[in-house]
$ cat protein32.cif   # mmCIF, N, CA and C atoms
data_entry
#
loop_
_atom_site.label_atom_id
_atom_site.label_comp_id
_atom_site.auth_asym_id
_atom_site.auth_seq_id
_atom_site.Cartn_x
_atom_site.Cartn_y
_atom_site.Cartn_z
N MET V 1 4.26 -35.56 12.68
CA MET V 1 3.96 -35.48 11.26
C MET V 1 3.32 -36.78 10.78
N GLN V 2 3.87 -37.92 11.23
CA GLN V 2 3.30 -39.19 10.81
C GLN V 2 1.86 -39.33 11.31
N ALA V 3 1.57 -38.85 12.52
CA ALA V 3 0.20 -38.90 13.05
C ALA V 3 -0.74 -38.06 12.18
N LEU V 4 -0.28 -36.90 11.71
CA LEU V 4 -1.10 -36.06 10.83
C LEU V 4 -1.34 -36.74 9.48
N LEU V 5 -0.35 -37.45 8.99
CA LEU V 5 -0.52 -38.19 7.73
C LEU V 5 -1.55 -39.30 7.90
N LYS V 6 -1.59 -39.94 9.07
CA LYS V 6 -2.59 -40.98 9.35
C LYS V 6 -4.00 -40.36 9.37
N VAL V 7 -4.13 -39.16 9.95
CA VAL V 7 -5.43 -38.46 9.96
C VAL V 7 -5.84 -38.14 8.52
N LEU V 8 -4.90 -37.70 7.72
CA LEU V 8 -5.17 -37.41 6.30
C LEU V 8 -5.68 -38.66 5.60
N GLU V 9 -5.00 -39.78 5.81
CA GLU V 9 -5.42 -41.05 5.19
C GLU V 9 -6.83 -41.42 5.61
N LYS V 10 -7.13 -41.27 6.89
CA LYS V 10 -8.45 -41.62 7.42
C LYS V 10 -9.54 -40.81 6.74
N TYR V 11 -9.34 -39.50 6.62
CA TYR V 11 -10.35 -38.66 6.01
C TYR V 11 -10.41 -38.83 4.50
N CYS V 12 -9.33 -39.20 3.89
CA CYS V 12 -9.36 -39.51 2.45
C CYS V 12 -10.26 -40.71 2.19
N VAL V 13 -10.16 -41.71 3.06
CA VAL V 13 -11.01 -42.89 2.92
C VAL V 13 -12.48 -42.51 3.13
N LEU V 14 -12.75 -41.71 4.16
CA LEU V 14 -14.13 -41.30 4.46
C LEU V 14 -14.75 -40.48 3.33
N LEU V 15 -13.95 -39.65 2.69
CA LEU V 15 -14.45 -38.76 1.63
C LEU V 15 -14.25 -39.32 0.23
N ASP V 16 -13.76 -40.56 0.16
CA ASP V 16 -13.49 -41.22 -1.12
C ASP V 16 -12.53 -40.41 -1.99
N LEU V 17 -11.44 -39.95 -1.36
CA LEU V 17 -10.38 -39.21 -2.04
C LEU V 17 -9.10 -40.02 -1.97
N CYS V 18 -8.12 -39.63 -2.75
CA CYS V 18 -6.82 -40.27 -2.65
C CYS V 18 -5.73 -39.23 -2.87
N CYS V 19 -4.58 -39.47 -2.28
CA CYS V 19 -3.42 -38.59 -2.44
C CYS V 19 -2.58 -39.09 -3.59
N ASN V 20 -2.09 -38.17 -4.39
CA ASN V 20 -1.16 -38.54 -5.44
C ASN V 20 0.22 -38.67 -4.80
N ILE V 21 0.61 -39.89 -4.53
CA ILE V 21 1.85 -40.14 -3.79
C ILE V 21 3.07 -39.71 -4.61
N LYS V 22 2.96 -39.72 -5.93
CA LYS V 22 4.09 -39.29 -6.77
C LYS V 22 4.36 -37.80 -6.62
N LYS V 23 3.33 -37.03 -6.25
CA LYS V 23 3.49 -35.58 -6.10
C LYS V 23 3.62 -35.16 -4.64
N THR V 24 3.63 -36.11 -3.73
CA THR V 24 3.72 -35.80 -2.31
C THR V 24 5.17 -35.89 -1.87
N VAL V 25 5.70 -34.77 -1.40
CA VAL V 25 7.09 -34.71 -0.94
C VAL V 25 7.15 -34.00 0.40
N CYS V 26 8.28 -34.09 1.03
CA CYS V 26 8.51 -33.42 2.30
C CYS V 26 9.74 -32.53 2.15
N MET V 27 9.64 -31.32 2.71
CA MET V 27 10.74 -30.38 2.63
C MET V 27 10.94 -29.72 3.99
N VAL V 28 12.18 -29.62 4.40
CA VAL V 28 12.52 -28.93 5.64
C VAL V 28 13.13 -27.60 5.25
N PHE V 29 12.51 -26.51 5.68
CA PHE V 29 12.99 -25.18 5.34
C PHE V 29 14.08 -24.76 6.31
N ASN V 30 15.15 -24.23 5.78
CA ASN V 30 16.26 -23.76 6.61
C ASN V 30 15.88 -22.48 7.34
N PRO V 31 16.21 -22.38 8.62
CA PRO V 31 15.95 -21.12 9.32
C PRO V 31 16.95 -20.05 8.89
N ASN V 32 16.55 -18.79 9.03
CA ASN V 32 17.47 -17.69 8.70
C ASN V 32 18.67 -17.68 9.63
N ASP V 33 18.44 -17.97 10.89
CA ASP V 33 19.50 -18.00 11.89
C ASP V 33 19.99 -19.44 12.03
N LYS V 34 21.21 -19.72 11.58
CA LYS V 34 21.76 -21.08 11.58
C LYS V 34 21.87 -21.67 12.98
N SER V 35 21.93 -20.82 14.02
CA SER V 35 22.02 -21.34 15.39
C SER V 35 20.69 -21.95 15.85
N LYS V 36 19.62 -21.69 15.10
CA LYS V 36 18.30 -22.22 15.45
C LYS V 36 17.99 -23.53 14.75
N LEU V 37 18.96 -24.06 14.02
CA LEU V 37 18.77 -25.35 13.35
C LEU V 37 18.69 -26.44 14.40
N VAL V 38 17.58 -27.11 14.50
CA VAL V 38 17.34 -28.08 15.56
C VAL V 38 17.92 -29.44 15.22
N CYS V 39 17.67 -29.89 14.00
CA CYS V 39 18.06 -31.25 13.63
C CYS V 39 18.37 -31.30 12.15
N GLY V 40 19.31 -32.13 11.78
CA GLY V 40 19.65 -32.30 10.38
C GLY V 40 19.07 -33.57 9.79
N ASN V 41 18.74 -34.53 10.63
CA ASN V 41 18.17 -35.82 10.18
C ASN V 41 16.74 -35.94 10.68
N PHE V 42 15.88 -36.37 9.79
CA PHE V 42 14.47 -36.52 10.14
C PHE V 42 14.03 -37.94 9.83
N PRO V 43 13.04 -38.44 10.55
CA PRO V 43 12.57 -39.80 10.29
C PRO V 43 11.85 -39.86 8.95
N CYS V 44 11.78 -41.04 8.40
CA CYS V 44 11.06 -41.25 7.15
C CYS V 44 9.57 -41.27 7.46
N PHE V 45 8.79 -40.64 6.60
CA PHE V 45 7.34 -40.63 6.75
C PHE V 45 6.74 -41.49 5.65
N THR V 46 5.61 -42.11 5.95
CA THR V 46 4.93 -42.96 4.99
C THR V 46 3.51 -42.48 4.81
N ILE V 47 2.95 -42.83 3.67
CA ILE V 47 1.56 -42.46 3.38
C ILE V 47 0.95 -43.55 2.52
N GLY V 48 -0.34 -43.71 2.64
CA GLY V 48 -1.07 -44.67 1.83
C GLY V 48 -1.22 -46.01 2.50
N LEU V 49 -2.10 -46.82 1.93
CA LEU V 49 -2.37 -48.14 2.48
C LEU V 49 -1.16 -49.05 2.39
N ASP V 50 -0.33 -48.85 1.37
CA ASP V 50 0.86 -49.68 1.21
C ASP V 50 2.11 -49.02 1.79
N SER V 51 1.91 -47.97 2.60
CA SER V 51 3.00 -47.28 3.33
C SER V 51 4.16 -46.88 2.42
N LYS V 52 3.85 -46.10 1.41
CA LYS V 52 4.89 -45.56 0.53
C LYS V 52 5.69 -44.50 1.26
N LEU V 53 7.01 -44.52 1.09
CA LEU V 53 7.87 -43.52 1.72
C LEU V 53 7.72 -42.18 1.02
N ILE V 54 7.68 -41.11 1.81
CA ILE V 54 7.63 -39.76 1.26
C ILE V 54 9.06 -39.26 1.13
N GLU V 55 9.39 -38.82 -0.05
CA GLU V 55 10.76 -38.38 -0.35
C GLU V 55 11.02 -36.99 0.22
N PHE V 56 12.21 -36.81 0.79
CA PHE V 56 12.66 -35.48 1.21
C PHE V 56 13.35 -34.82 0.02
N VAL V 57 12.99 -33.57 -0.26
CA VAL V 57 13.55 -32.86 -1.40
C VAL V 57 14.06 -31.49 -0.95
N SER V 58 14.97 -30.93 -1.74
CA SER V 58 15.47 -29.59 -1.44
C SER V 58 14.77 -28.53 -2.28
N GLU V 59 14.05 -28.97 -3.34
CA GLU V 59 13.25 -28.06 -4.15
C GLU V 59 12.17 -28.85 -4.86
N PHE V 60 11.06 -28.19 -5.15
CA PHE V 60 10.01 -28.81 -5.95
C PHE V 60 9.18 -27.72 -6.61
N ARG V 61 8.36 -28.15 -7.55
CA ARG V 61 7.50 -27.23 -8.29
C ARG V 61 6.11 -27.29 -7.73
N TYR V 62 5.54 -26.14 -7.41
CA TYR V 62 4.19 -26.07 -6.88
C TYR V 62 3.43 -24.98 -7.64
N LEU V 63 2.37 -25.36 -8.31
CA LEU V 63 1.57 -24.44 -9.11
C LEU V 63 2.42 -23.63 -10.08
N GLY V 64 3.42 -24.30 -10.68
CA GLY V 64 4.26 -23.66 -11.68
C GLY V 64 5.43 -22.88 -11.14
N HIS V 65 5.58 -22.80 -9.84
CA HIS V 65 6.68 -22.06 -9.23
C HIS V 65 7.64 -23.02 -8.54
N VAL V 66 8.91 -22.67 -8.56
CA VAL V 66 9.94 -23.50 -7.93
C VAL V 66 10.11 -23.02 -6.49
N ILE V 67 9.94 -23.94 -5.55
CA ILE V 67 10.10 -23.64 -4.13
C ILE V 67 11.34 -24.38 -3.66
N THR V 68 12.25 -23.67 -2.96
CA THR V 68 13.47 -24.28 -2.45
C THR V 68 13.49 -24.21 -0.93
N LYS V 69 14.30 -25.09 -0.33
CA LYS V 69 14.35 -25.12 1.13
C LYS V 69 15.02 -23.89 1.72
N THR V 70 15.75 -23.15 0.89
CA THR V 70 16.37 -21.90 1.37
C THR V 70 15.42 -20.72 1.26
N MET V 71 14.22 -20.97 0.72
CA MET V 71 13.19 -19.95 0.51
C MET V 71 13.67 -18.83 -0.40
N SER V 72 14.57 -19.16 -1.32
CA SER V 72 15.07 -18.22 -2.30
C SER V 72 14.23 -18.35 -3.57
N ASP V 73 14.03 -17.25 -4.27
CA ASP V 73 13.27 -17.31 -5.51
C ASP V 73 14.17 -17.28 -6.74
N ASP V 74 15.45 -17.54 -6.56
CA ASP V 74 16.39 -17.51 -7.68
C ASP V 74 16.01 -18.51 -8.78
N LYS V 75 15.66 -19.72 -8.40
CA LYS V 75 15.29 -20.75 -9.39
C LYS V 75 14.04 -20.33 -10.16
N ASP V 76 13.08 -19.74 -9.46
CA ASP V 76 11.85 -19.31 -10.10
C ASP V 76 12.13 -18.16 -11.08
N ILE V 77 13.00 -17.24 -10.70
CA ILE V 77 13.36 -16.13 -11.59
C ILE V 77 14.10 -16.66 -12.82
N GLU V 78 15.00 -17.62 -12.64
CA GLU V 78 15.70 -18.23 -13.77
C GLU V 78 14.71 -18.88 -14.73
N ARG V 79 13.69 -19.55 -14.18
CA ARG V 79 12.66 -20.19 -15.02
C ARG V 79 11.90 -19.14 -15.82
N GLU V 80 11.55 -18.02 -15.19
CA GLU V 80 10.84 -16.96 -15.90
C GLU V 80 11.70 -16.34 -17.00
N ILE V 81 12.98 -16.16 -16.72
CA ILE V 81 13.89 -15.60 -17.74
C ILE V 81 13.97 -16.54 -18.95
N ARG V 82 14.11 -17.85 -18.67
CA ARG V 82 14.15 -18.83 -19.78
C ARG V 82 12.86 -18.76 -20.59
N ASN V 83 11.71 -18.67 -19.90
CA ASN V 83 10.43 -18.59 -20.61
C ASN V 83 10.34 -17.33 -21.47
N MET V 84 10.90 -16.24 -20.98
CA MET V 84 10.87 -15.00 -21.75
C MET V 84 11.73 -15.12 -23.00
N TYR V 85 12.90 -15.75 -22.88
CA TYR V 85 13.73 -15.99 -24.06
C TYR V 85 12.99 -16.83 -25.09
N VAL V 86 12.29 -17.85 -24.63
CA VAL V 86 11.54 -18.72 -25.55
C VAL V 86 10.48 -17.90 -26.27
N ARG V 87 9.71 -17.11 -25.53
CA ARG V 87 8.66 -16.30 -26.15
C ARG V 87 9.24 -15.29 -27.14
N THR V 88 10.35 -14.65 -26.76
CA THR V 88 10.98 -13.66 -27.64
C THR V 88 11.50 -14.31 -28.91
N ASN V 89 12.18 -15.45 -28.78
CA ASN V 89 12.69 -16.14 -29.97
C ASN V 89 11.57 -16.62 -30.87
N THR V 90 10.46 -17.04 -30.28
CA THR V 90 9.31 -17.45 -31.08
C THR V 90 8.78 -16.27 -31.90
N LEU V 91 8.68 -15.10 -31.28
CA LEU V 91 8.24 -13.91 -32.01
C LEU V 91 9.19 -13.56 -33.14
N LEU V 92 10.49 -13.62 -32.86
CA LEU V 92 11.47 -13.28 -33.90
C LEU V 92 11.38 -14.25 -35.08
N ARG V 93 11.17 -15.53 -34.79
CA ARG V 93 11.05 -16.51 -35.88
C ARG V 93 9.80 -16.26 -36.72
N ARG V 94 8.69 -16.00 -36.05
CA ARG V 94 7.42 -15.88 -36.77
C ARG V 94 7.21 -14.51 -37.41
N PHE V 95 7.73 -13.46 -36.78
CA PHE V 95 7.42 -12.11 -37.23
C PHE V 95 8.69 -11.30 -37.53
N GLY V 96 9.76 -11.97 -37.90
CA GLY V 96 11.03 -11.31 -38.15
C GLY V 96 11.00 -10.29 -39.25
N LYS V 97 10.10 -10.44 -40.21
CA LYS V 97 10.04 -9.53 -41.35
C LYS V 97 9.06 -8.38 -41.15
N CYS V 98 8.42 -8.31 -40.00
CA CYS V 98 7.47 -7.23 -39.72
C CYS V 98 8.22 -5.95 -39.37
N SER V 99 7.48 -4.85 -39.36
CA SER V 99 8.09 -3.56 -39.03
C SER V 99 8.44 -3.51 -37.54
N LYS V 100 9.29 -2.54 -37.20
CA LYS V 100 9.72 -2.39 -35.81
C LYS V 100 8.53 -2.11 -34.89
N ASN V 101 7.60 -1.29 -35.33
CA ASN V 101 6.42 -0.98 -34.50
C ASN V 101 5.59 -2.22 -34.19
N VAL V 102 5.43 -3.09 -35.17
CA VAL V 102 4.68 -4.33 -34.97
C VAL V 102 5.43 -5.23 -33.98
N LYS V 103 6.75 -5.32 -34.15
CA LYS V 103 7.55 -6.16 -33.23
C LYS V 103 7.46 -5.64 -31.79
N VAL V 104 7.54 -4.33 -31.62
CA VAL V 104 7.45 -3.75 -30.28
C VAL V 104 6.09 -4.04 -29.67
N ARG V 105 5.03 -3.89 -30.46
CA ARG V 105 3.67 -4.15 -29.96
C ARG V 105 3.51 -5.63 -29.58
N LEU V 106 4.00 -6.52 -30.42
CA LEU V 106 3.93 -7.95 -30.11
C LEU V 106 4.74 -8.29 -28.86
N PHE V 107 5.94 -7.72 -28.76
CA PHE V 107 6.79 -7.98 -27.59
C PHE V 107 6.09 -7.53 -26.31
N ARG V 108 5.53 -6.34 -26.33
CA ARG V 108 4.86 -5.82 -25.12
C ARG V 108 3.66 -6.67 -24.73
N SER V 109 2.91 -7.16 -25.71
CA SER V 109 1.70 -7.92 -25.39
C SER V 109 2.00 -9.39 -25.09
N TYR V 110 3.04 -9.94 -25.69
CA TYR V 110 3.30 -11.37 -25.55
C TYR V 110 4.39 -11.69 -24.55
N CYS V 111 5.39 -10.85 -24.43
CA CYS V 111 6.55 -11.15 -23.58
C CYS V 111 6.54 -10.41 -22.26
N MET V 112 5.83 -9.33 -22.17
CA MET V 112 5.85 -8.53 -20.95
C MET V 112 4.67 -8.82 -20.04
N LEU V 113 4.04 -9.98 -20.19
CA LEU V 113 2.89 -10.35 -19.37
C LEU V 113 3.24 -10.36 -17.89
N VAL V 114 4.42 -10.83 -17.55
CA VAL V 114 4.83 -10.91 -16.14
C VAL V 114 4.86 -9.53 -15.52
N ARG V 115 5.41 -8.56 -16.24
CA ARG V 115 5.52 -7.20 -15.71
C ARG V 115 4.16 -6.61 -15.44
N TYR V 116 3.24 -6.74 -16.39
CA TYR V 116 1.92 -6.14 -16.22
C TYR V 116 1.10 -6.87 -15.16
N CYS V 117 1.24 -8.17 -15.06
CA CYS V 117 0.48 -8.93 -14.07
C CYS V 117 0.94 -8.59 -12.65
N THR V 118 2.22 -8.38 -12.45
CA THR V 118 2.71 -8.11 -11.10
C THR V 118 2.41 -6.69 -10.67
N LEU V 119 2.21 -5.76 -11.62
CA LEU V 119 1.91 -4.39 -11.25
C LEU V 119 0.44 -4.21 -10.84
N ALA V 120 -0.42 -5.09 -11.33
CA ALA V 120 -1.87 -4.96 -11.05
C ALA V 120 -2.20 -5.28 -9.62
#

$ encode --input "protein32.cif" --output "structure tokens"
Amino acid sequence: MQALLKVLEKYCVLLDLCCNIKKTVCMVFNPNDKSKLVCGNFPCFTIGLDSKLIEFVSEFRYLGHVITKTMSDDKDIEREIRNMYVRTNTLLRRFGKCSKNVKVRLFRSYCMLVRYCTLA
């Protein structure tokens, strides 16, 4: 892994790119079969000209989704549920005095985006 990070650094210099070290993390995914767990301790990896240590994490956010080392989507589903509550409460605050038909139409168009996007 450290050798691959050195190759990355080399090509970043050649292409005049840089890695955002604050967003660079390392995660070890747990195997489904616990008997296949090879090692629990891993060496520290470094990146950059000043050899910054890459942090090992058990979860992180990638493109708005929560990824965990157990490969479970529970955290991501919890985040979506919280977002839906926020959107629903916002509608109730702003349009609380509207008719039921208007509220249903607003809810379907504003809060049910996840449902319609996943069906497409």

$ residues_around --input "protein32.cif" --residues "range 84-97 of chain V" --least-positions-apart "5" --cutoff "8 Å" --atoms "only C-alpha atoms" --output "NGL selection string"
:V and (103 or 106-107 or 110-111)

$ atom_distance --input "protein32.cif" --atom1 "CA of Asp33 in chain V" --atom2 "CA of Val66 in chain V"
22.7 Å

$ resolve_selection --input "protein32.cif" --expression "the PyMOL selection byres ((chain V and resi 28) around 6)" --output "ChimeraX atom specification"
/V:26-27,29-30,57,69

$ resolve_selection --input "protein32.cif" --expression "the PyMOL selection byres (((chain V and resi 40-50 and name CA) around 8) and name CA)" --output "count of residues only"
14

$ atom_distance --input "protein32.cif" --atom1 "atom N of Leu8 in chain V" --atom2 "CA of Pro31 in chain V"
26.7 Å

$ atom_distance --input "protein32.cif" --atom1 "CA of Ile67 in chain V" --atom2 "CA of Arg108 in chain V"
28.0 Å

$ axis_aligned_box --input "protein32.cif" --around "range 88-106 of chain V" --padding-each-side "6 Å" --output "AutoDock Vina command-line options"
--center_x 8.1 --center_y -9.2 --center_z -34.1 --size_x 21.2 --size_y 28.5 --size_z 26.6

$ residues_near_point --input "protein32.cif" --point "(7.9, -26.5, -4.8)" --cutoff "12 Å" --atoms "only C-alpha atoms" --output "PyMOL selection string"
chain V and resi 23-29+56-73+75-76
